[in-house]
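First comes the structure, then the notes that go with it.
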Protein chains: 2
Amino acid sequence: MSLFEGIEGALIDLDGTVFQGKELIEGTAEAISAIQKSGRKVVYLSNRGNHSRNAGLTKLREHGIDVEKEDIIFSSTVTAQFIKKHYPLAKVWILGNKGLADEMVEHHVTLSTRPEDADFVVITLHDEINYAELNDAFRATSAGARIIATNSDKTYPDENGPAIDVAGFIGAIESATGQKTELVIGKPSCFMVEAALEQIGLRASQCMVIGDSLGTDISMGRMQGMRTVLVLTGNTTQTMAEQAAPRSKPDYVFQSLADVRGEL
Amino acid sequence: MSLFEGIEGALIDLDGTVFQGKELIEGTAEAISAIQKSGRKVVYLSNRGNHSRNAGLTKLREHGIDVEKEDIIFSSTVTAQFIKKHYPLAKVWILGNKGLADEMVEHHVTLSTRPEDADFVVITLHDEINYAELNDAFRATSAGARIIATNSDKTYPDENGPAIDVAGFIGAIESATGQKTELVIGKPSCFMVEAALEQIGLRASQCMVIGDSLGTDISMGRMQGMRTVLVLTGNTTQTMAEQAAPRSKPDYVFQSLADVRGEL
């Protein structure tokens, strides 16, 4: 069976798959364009919880990728949609970069004006954090707010190696308050894949997921019955892919998303 | 406004509200019957994750309560329904009393035959646990299974005072594996209230919730815009109710569910 046989859509990860940091990985824009020109739909599915879709849209378009905002699905997006749908009366306090608050506002989620009044603290990466912000999230949680996390990635790669990610912020608040997170939205959860499938308008069996992470992208795809494609431009090596447990073993491994183009 | 004005259905908690341990609280069966005879619908919404609905049905009927199985909604029920709906391909390992496994089987969730093959470990109370069972859940999680909890109650009252509940089992597995729970199903979550509203066929604003717990029953009701009734037959005192934060302050407080009958 050829890679794209029977496939009508692709769920493509961003960090480590299309981008390394701020840089586009060579050839990926052309590969995405080729997938689109073959008549297949593309959505971008990323655990980024600290960016808004508007920021993602700007970045993708700056790099020559033809995309509409609705095709960009961050964990910030899905978290905001989840809260608006299931807790329409909730007031939310954010621990994270401004992108998450922007996404909440765009989805008409009510932000609490005081930590003590919040029903939920939503935690994501905050790479410009200061002590007062950390303490406000502590105060909200201590006063009874429940904890939701956009995702629970432990690290992300930066120029000095692994850097502390959302799990560190979750740990700070949980340890200091004794409260625990009740919901993690990011990949490999059903919340992310269902948001992607709704946007792309296809069933899981008609889709492939392309990403750099065994524990999020590949295990999500396998769990839902999608074709899975691992790329080695991110945090996974060929050896790790070969040693993966069945639940996170990719169907295909490519050096780069750029190489997928040759399969069309 | 009288207690039941505009109310067409009641979501009634069980432990501490209808029952104290195995004993029916005096007058509660008659109060439930009176609510039903007034033309209002009743469903039972309990964080019990270690019992099956069949067990709940037997217990309620033995105490003279007129109920159908579908009107009993445990966190075990909602967890099984959630997994079947959102992760239909998943294999599940159970850490908990047999009632949870029974509920999974009834909902056609696939149970893993080996810990290492499980996609999820579902944790609930297990009051007959032995070391091998604890270790099997550890092995499943260590091998990559993700953690879902039926609920995260810390204690429940028994004849010697507070007894360790689901949170203790969650803590055991999290601490030993370094993995974290990604989803807690029980009250006050949207998953429980949405299951109850679907069964009762009403909107939140048409319903009241009657329960003994500020943090689960009352805060769930307030969050969803329901009328809230606290009863003092369980783990909450009048003083605690008066000092509750707005998000978990009940609209009404009664000594017992039995007293609600006088409001009809």
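Following the order of the structure tokens, chains are lettered A, B, ..., residues in each are numbered from 1, and ligands are numbered from 1.
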
Q: Would you kindly report the residues of chain B within 6 Å of chain A, using only C-alpha atoms, as a list in words?
A: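 On the chain B side, the interface is His86, Glu182, Leu183, Val184 and Cys190 of chain B.
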
Quiz prompt | Sel. of strand (DSSP E or B) residues, segment 3-207 of chain B, as a ChimeraX atom specification | solution = /B:9-12,15,19-20,23-24,41-46,72-74,91-95,110-111,120-123,146-149,155-158,161-164,181-184,207

Those same residues, written as a compact mmCIF listing (two decimals), in the first residue's frame with C-alpha atoms?
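Listing of result_11.txt after writing:
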```txt
# COMPACT_ATOMS: atom_id res chain seq x y z
CA GLY B 9 -36.20 17.27 37.50
CA ALA B 10 -33.86 16.43 40.35
CA LEU B 11 -30.30 15.05 40.25
CA ILE B 12 -29.93 13.29 43.59
CA ASP B 15 -23.89 8.41 49.54
CA PHE B 19 -27.73 6.38 52.20
CA GLN B 20 -25.36 6.44 55.12
CA GLU B 23 -28.45 2.15 55.59
CA LEU B 24 -31.19 4.21 54.02
CA LYS B 41 -38.12 13.26 37.02
CA VAL B 42 -35.36 11.90 39.24
CA VAL B 43 -31.92 10.57 38.36
CA TYR B 44 -29.25 9.44 40.80
CA LEU B 45 -25.82 10.95 40.23
CA SER B 46 -23.02 9.49 42.31
CA ILE B 72 -28.55 5.51 38.01
CA ILE B 73 -25.43 7.34 36.89
CA PHE B 74 -22.22 6.44 38.67
CA LYS B 91 -7.71 -1.61 25.89
CA VAL B 92 -8.26 -0.83 29.54
CA TRP B 93 -6.69 -2.06 32.78
CA ILE B 94 -8.69 -1.57 35.98
CA LEU B 95 -7.39 -0.64 39.41
CA THR B 110 -12.24 -3.93 25.92
CA LEU B 111 -10.33 -5.00 29.03
CA PHE B 120 -5.40 3.20 29.81
CA VAL B 121 -5.35 2.40 33.50
CA VAL B 122 -8.67 3.42 35.02
CA ILE B 123 -8.38 4.04 38.75
CA ARG B 146 -2.39 6.65 30.37
CA ILE B 147 -4.27 7.32 33.62
CA ILE B 148 -7.98 8.09 33.88
CA ALA B 149 -9.68 8.32 37.29
CA THR B 155 -11.79 10.25 51.71
CA TYR B 156 -15.19 8.78 52.40
CA PRO B 157 -16.71 8.36 55.84
CA ASP B 158 -16.74 4.91 57.43
CA GLY B 161 -13.93 8.24 60.48
CA PRO B 162 -12.51 9.28 57.11
CA ALA B 163 -11.22 6.35 55.02
CA ILE B 164 -8.76 6.63 52.14
CA THR B 181 -3.69 11.47 35.56
CA GLU B 182 -4.99 13.14 32.41
CA LEU B 183 -8.72 12.98 33.08
CA VAL B 184 -10.96 12.85 36.16
CA CYS B 207 -33.16 20.94 37.32
```

Counting only C-alpha atoms, the residue among A:His126, A:Ser256, A:Ala29, A:Gly39 that lies closest to Val67 of chain A is A:Ala29

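Here atom CA of Phe254 of chain A stands at a distance of 23.0 Å from atom CA of Asp66 of chain A.
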
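Distances here use only C-alpha atoms; by that measure, the residue among B:His63, B:Gly211, B:Ser52, B:Gly201 closest to Val105 of chain B is B:Ser52.
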
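Atom to atom, atom CA of Leu230 of chain B and atom CA of Ser33 of chain B stand 18.8 Å apart.
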
Give me the residues within 8 Å of Val18 of chain A as a compact mmCIF listing (two decimals) with all heavy atoms, in the first residue's frame, counting only C-alpha atoms and dropping any in the same chain fewer than 4 places off.
```
# COMPACT_ATOMS: atom_id res chain seq x y z
N ASP A 13 1.48 18.03 12.67
CA ASP A 13 2.05 18.71 13.83
C ASP A 13 2.90 19.89 13.35
O ASP A 13 3.32 19.93 12.19
CB ASP A 13 2.90 17.70 14.60
CG ASP A 13 3.61 18.32 15.78
OD1 ASP A 13 2.95 18.99 16.59
OD2 ASP A 13 4.84 18.13 15.88
N LEU A 14 3.17 20.84 14.22
CA LEU A 14 3.96 22.01 13.81
C LEU A 14 5.39 21.99 14.38
O LEU A 14 6.35 21.81 13.65
CB LEU A 14 3.23 23.30 14.20
CG LEU A 14 1.96 23.59 13.37
CD1 LEU A 14 1.20 24.79 13.92
CD2 LEU A 14 2.32 23.83 11.90
N LEU A 24 11.50 27.55 9.53
CA LEU A 24 10.82 26.50 8.75
C LEU A 24 11.83 25.41 8.39
O LEU A 24 12.97 25.71 8.02
CB LEU A 24 10.27 27.12 7.46
CG LEU A 24 9.36 26.22 6.62
CD1 LEU A 24 7.95 26.22 7.19
CD2 LEU A 24 9.34 26.70 5.18
N ILE A 25 11.43 24.16 8.55
CA ILE A 25 12.29 23.06 8.13
C ILE A 25 12.27 22.98 6.60
O ILE A 25 11.20 23.02 5.98
CB ILE A 25 11.81 21.73 8.76
CG1 ILE A 25 11.91 21.82 10.30
CG2 ILE A 25 12.62 20.55 8.23
CD1 ILE A 25 11.23 20.67 11.04
N THR A 28 9.48 21.70 3.79
CA THR A 28 8.18 21.31 4.35
C THR A 28 7.02 22.11 3.73
O THR A 28 5.94 21.55 3.52
CB THR A 28 8.14 21.46 5.89
OG1 THR A 28 8.46 22.80 6.24
CG2 THR A 28 9.13 20.52 6.55
N ALA A 29 7.26 23.38 3.41
CA ALA A 29 6.19 24.17 2.79
C ALA A 29 5.82 23.57 1.44
O ALA A 29 4.63 23.46 1.09
CB ALA A 29 6.62 25.63 2.64
N LEU A 257 9.32 15.77 6.91
CA LEU A 257 8.06 15.98 6.20
C LEU A 257 8.32 16.28 4.72
O LEU A 257 7.53 15.92 3.84
CB LEU A 257 7.29 17.13 6.87
CG LEU A 257 6.06 17.69 6.18
CD1 LEU A 257 5.02 16.62 5.91
CD2 LEU A 257 5.46 18.82 7.01
```

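Put simply, atom CA of Pro115 of chain A is 20.0 Å away from atom CA of Leu214 of chain B.
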
Legend entry - Near-Ile173 of chain B list (9 Å; only C-alpha atoms; drop same-chain fewer than 4 positions) as a list in words: Leu134, Asn135, Ala137, Phe138, Thr141, Ile147, Gly168, Phe169, Thr177, Gly178, Gln179 and Lys180 of chain B

Take the residues from that selection and write them out as a JSON list (two decimals), in the first residue's frame, keeping C-alpha atoms.
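The result, written out as result.json:
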```json
[["chain", "number", "residue", "atom", "x", "y", "z"],
["B", 134, "LEU", "CA", -1.54, -2.47, 42.92],
["B", 135, "ASN", "CA", 1.60, -3.66, 41.18],
["B", 137, "ALA", "CA", -1.55, -1.10, 37.70],
["B", 138, "PHE", "CA", 1.98, 0.16, 38.27],
["B", 141, "THR", "CA", 1.32, 2.61, 33.71],
["B", 147, "ILE", "CA", -4.27, 7.32, 33.62],
["B", 168, "GLY", "CA", -4.88, 7.53, 47.51],
["B", 169, "PHE", "CA", -4.76, 5.03, 44.67],
["B", 177, "THR", "CA", 5.60, 5.90, 37.92],
["B", 178, "GLY", "CA", 6.10, 9.65, 37.52],
["B", 179, "GLN", "CA", 3.07, 9.62, 35.21],
["B", 180, "LYS", "CA", 0.05, 11.83, 35.83]]
```

Checklist line | Nearest candidate to Gly21 of chain B (options B:Glu159, B:Met104, B:Glu5, B:Ile170; using only C-alpha atoms) | finding: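 Of all the options, B:Glu159 lies closest to Gly21 of chain B.
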
In segment 175-232 of chain B, DSSP helix (DSSP H, G or I) residues written as a short mmCIF file (atom, residue, chain, number, x, y, z; two decimals) with all heavy atoms, in the first residue's frame:
```cif
data_model
loop_
_atom_site.label_atom_id
_atom_site.label_comp_id
_atom_site.auth_asym_id
_atom_site.auth_seq_id
_atom_site.Cartn_x
_atom_site.Cartn_y
_atom_site.Cartn_z
N SER B 175 2.95 8.53 41.97
CA SER B 175 4.24 8.69 42.65
C SER B 175 5.24 7.64 42.21
O SER B 175 6.43 7.92 42.05
CB SER B 175 4.04 8.61 44.17
OG SER B 175 3.23 9.67 44.62
N ALA B 176 4.76 6.42 42.01
CA ALA B 176 5.68 5.33 41.68
C ALA B 176 6.11 5.35 40.22
O ALA B 176 7.18 4.84 39.88
CB ALA B 176 5.04 3.98 42.03
N THR B 177 5.29 5.93 39.35
CA THR B 177 5.60 5.90 37.92
C THR B 177 6.08 7.24 37.37
O THR B 177 6.68 7.28 36.29
CB THR B 177 4.35 5.53 37.08
OG1 THR B 177 3.35 6.54 37.28
CG2 THR B 177 3.81 4.16 37.50
N CYS B 190 -18.13 18.35 33.99
CA CYS B 190 -19.18 18.44 32.96
C CYS B 190 -19.62 17.07 32.47
O CYS B 190 -20.75 16.91 32.02
CB CYS B 190 -18.67 19.28 31.79
SG CYS B 190 -17.17 18.66 31.02
N PHE B 191 -18.72 16.08 32.55
CA PHE B 191 -19.05 14.77 32.01
C PHE B 191 -20.22 14.15 32.79
O PHE B 191 -21.12 13.54 32.22
CB PHE B 191 -17.83 13.84 32.04
CG PHE B 191 -16.63 14.47 31.40
CD1 PHE B 191 -15.56 14.92 32.17
CD2 PHE B 191 -16.58 14.65 30.03
CE1 PHE B 191 -14.46 15.52 31.57
CE2 PHE B 191 -15.49 15.25 29.42
CZ PHE B 191 -14.42 15.69 30.21
N MET B 192 -20.18 14.32 34.09
CA MET B 192 -21.25 13.76 34.94
C MET B 192 -22.56 14.50 34.71
O MET B 192 -23.62 13.88 34.53
CB MET B 192 -20.84 13.85 36.41
CG MET B 192 -19.69 12.96 36.80
SD MET B 192 -20.05 11.19 36.70
CE MET B 192 -20.98 10.96 38.23
N VAL B 193 -22.52 15.80 34.75
CA VAL B 193 -23.77 16.55 34.64
C VAL B 193 -24.39 16.38 33.26
O VAL B 193 -25.62 16.27 33.12
CB VAL B 193 -23.55 18.03 35.03
CG1 VAL B 193 -22.80 18.79 33.98
CG2 VAL B 193 -24.87 18.71 35.35
N GLU B 194 -23.56 16.30 32.23
CA GLU B 194 -24.11 16.11 30.88
C GLU B 194 -24.74 14.73 30.73
O GLU B 194 -25.77 14.58 30.05
CB GLU B 194 -23.03 16.37 29.84
CG GLU B 194 -22.68 17.85 29.77
CD GLU B 194 -21.47 18.18 28.92
OE1 GLU B 194 -20.98 17.31 28.18
OE2 GLU B 194 -21.00 19.34 29.01
N ALA B 195 -24.15 13.72 31.35
CA ALA B 195 -24.76 12.38 31.31
C ALA B 195 -26.11 12.40 32.01
O ALA B 195 -27.08 11.80 31.55
CB ALA B 195 -23.82 11.37 31.97
N ALA B 196 -26.17 13.11 33.13
CA ALA B 196 -27.44 13.18 33.88
C ALA B 196 -28.50 13.93 33.10
O ALA B 196 -29.66 13.51 33.03
CB ALA B 196 -27.19 13.85 35.23
N LEU B 197 -28.12 15.05 32.49
CA LEU B 197 -29.10 15.85 31.74
C LEU B 197 -29.59 15.10 30.51
O LEU B 197 -30.76 15.20 30.13
CB LEU B 197 -28.50 17.21 31.36
CG LEU B 197 -28.26 18.15 32.54
CD1 LEU B 197 -27.53 19.41 32.06
CD2 LEU B 197 -29.56 18.53 33.23
N GLU B 198 -28.70 14.35 29.89
CA GLU B 198 -29.12 13.58 28.72
C GLU B 198 -30.15 12.52 29.14
O GLU B 198 -31.15 12.31 28.47
CB GLU B 198 -27.91 12.92 28.05
CG GLU B 198 -28.29 12.21 26.77
CD GLU B 198 -27.10 11.64 26.02
OE1 GLU B 198 -25.97 12.11 26.26
OE2 GLU B 198 -27.30 10.72 25.22
N GLN B 199 -29.89 11.88 30.27
CA GLN B 199 -30.82 10.85 30.74
C GLN B 199 -32.16 11.45 31.16
O GLN B 199 -33.22 10.90 30.87
CB GLN B 199 -30.18 10.07 31.89
CG GLN B 199 -31.09 9.04 32.53
CD GLN B 199 -31.56 7.98 31.54
OE1 GLN B 199 -30.89 7.71 30.54
NE2 GLN B 199 -32.71 7.38 31.80
N ILE B 200 -32.09 12.59 31.83
CA ILE B 200 -33.33 13.17 32.37
C ILE B 200 -34.10 13.95 31.30
O ILE B 200 -35.30 14.19 31.43
CB ILE B 200 -33.00 14.05 33.61
CG1 ILE B 200 -34.18 14.14 34.59
CG2 ILE B 200 -32.52 15.42 33.20
CD1 ILE B 200 -33.80 14.70 35.96
N ALA B 204 -30.28 22.30 32.16
CA ALA B 204 -29.78 22.53 33.52
C ALA B 204 -30.70 23.45 34.31
O ALA B 204 -30.97 23.20 35.49
CB ALA B 204 -28.36 23.11 33.47
N SER B 205 -31.21 24.49 33.67
CA SER B 205 -32.03 25.48 34.39
C SER B 205 -33.36 24.91 34.86
O SER B 205 -34.03 25.51 35.68
CB SER B 205 -32.29 26.69 33.48
OG SER B 205 -32.98 26.27 32.31
N GLN B 206 -33.74 23.75 34.34
CA GLN B 206 -34.99 23.11 34.77
C GLN B 206 -34.76 22.13 35.92
O GLN B 206 -35.71 21.49 36.38
CB GLN B 206 -35.60 22.34 33.59
CG GLN B 206 -35.94 23.21 32.38
CD GLN B 206 -36.34 22.37 31.18
OE1 GLN B 206 -35.54 21.62 30.65
NE2 GLN B 206 -37.59 22.48 30.78
N LEU B 214 -20.34 20.12 49.21
CA LEU B 214 -20.18 21.44 48.59
C LEU B 214 -19.30 21.37 47.34
O LEU B 214 -19.59 21.98 46.32
CB LEU B 214 -19.56 22.42 49.60
CG LEU B 214 -20.39 22.72 50.86
CD1 LEU B 214 -19.55 23.52 51.86
CD2 LEU B 214 -21.66 23.47 50.49
N GLY B 215 -18.20 20.63 47.44
CA GLY B 215 -17.20 20.64 46.38
C GLY B 215 -17.60 19.85 45.14
O GLY B 215 -17.06 20.10 44.06
N THR B 216 -18.51 18.91 45.30
CA THR B 216 -18.93 18.15 44.13
C THR B 216 -20.37 18.53 43.74
O THR B 216 -20.58 19.16 42.72
CB THR B 216 -18.80 16.62 44.36
OG1 THR B 216 -19.56 16.23 45.49
CG2 THR B 216 -17.35 16.24 44.57
N ASP B 217 -21.34 18.21 44.58
CA ASP B 217 -22.74 18.42 44.21
C ASP B 217 -23.07 19.90 43.99
O ASP B 217 -23.62 20.28 42.95
CB ASP B 217 -23.66 17.85 45.30
CG ASP B 217 -23.40 16.38 45.55
OD1 ASP B 217 -23.48 15.61 44.58
OD2 ASP B 217 -23.11 16.00 46.70
N ILE B 218 -22.77 20.70 44.99
CA ILE B 218 -23.21 22.10 44.93
C ILE B 218 -22.41 22.88 43.90
O ILE B 218 -22.98 23.64 43.10
CB ILE B 218 -23.12 22.76 46.33
CG1 ILE B 218 -23.91 21.93 47.36
CG2 ILE B 218 -23.61 24.20 46.26
CD1 ILE B 218 -25.37 21.69 47.03
N SER B 219 -21.10 22.69 43.87
CA SER B 219 -20.33 23.46 42.90
C SER B 219 -20.65 23.02 41.47
O SER B 219 -20.67 23.85 40.56
CB SER B 219 -18.83 23.38 43.20
OG SER B 219 -18.30 22.18 42.79
N MET B 220 -20.95 21.75 41.27
CA MET B 220 -21.37 21.30 39.94
C MET B 220 -22.68 21.99 39.53
O MET B 220 -22.82 22.49 38.42
CB MET B 220 -21.57 19.78 39.92
CG MET B 220 -22.00 19.23 38.58
SD MET B 220 -22.52 17.50 38.68
CE MET B 220 -24.14 17.70 39.47
N GLY B 221 -23.63 22.00 40.46
CA GLY B 221 -24.91 22.62 40.16
C GLY B 221 -24.80 24.11 39.86
O GLY B 221 -25.36 24.61 38.89
N ARG B 222 -24.03 24.80 40.70
CA ARG B 222 -23.88 26.25 40.48
C ARG B 222 -23.19 26.53 39.15
O ARG B 222 -23.56 27.46 38.42
CB ARG B 222 -23.10 26.89 41.62
CG ARG B 222 -23.87 26.94 42.94
CD ARG B 222 -23.24 27.94 43.88
NE ARG B 222 -23.38 29.29 43.39
CZ ARG B 222 -24.41 30.09 43.69
NH1 ARG B 222 -25.35 29.69 44.49
NH2 ARG B 222 -24.46 31.32 43.20
N MET B 223 -22.16 25.76 38.86
CA MET B 223 -21.40 25.97 37.62
C MET B 223 -22.27 25.82 36.39
O MET B 223 -22.03 26.43 35.35
CB MET B 223 -20.25 24.96 37.59
CG MET B 223 -19.47 24.92 36.32
SD MET B 223 -18.53 26.43 36.06
CE MET B 223 -17.16 26.11 37.16
N GLN B 224 -23.32 24.98 36.51
CA GLN B 224 -24.16 24.72 35.34
C GLN B 224 -25.47 25.50 35.38
O GLN B 224 -26.30 25.36 34.49
CB GLN B 224 -24.45 23.21 35.25
CG GLN B 224 -23.20 22.33 35.18
CD GLN B 224 -22.41 22.50 33.88
OE1 GLN B 224 -22.93 22.98 32.88
NE2 GLN B 224 -21.14 22.10 33.91
#
```

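The smallest atom-to-atom distance between Ala258 of chain A and any of A:Thr233, A:Asn97, A:Thr239, A:Ser142, using only C-alpha atoms, is found for A:Thr233.
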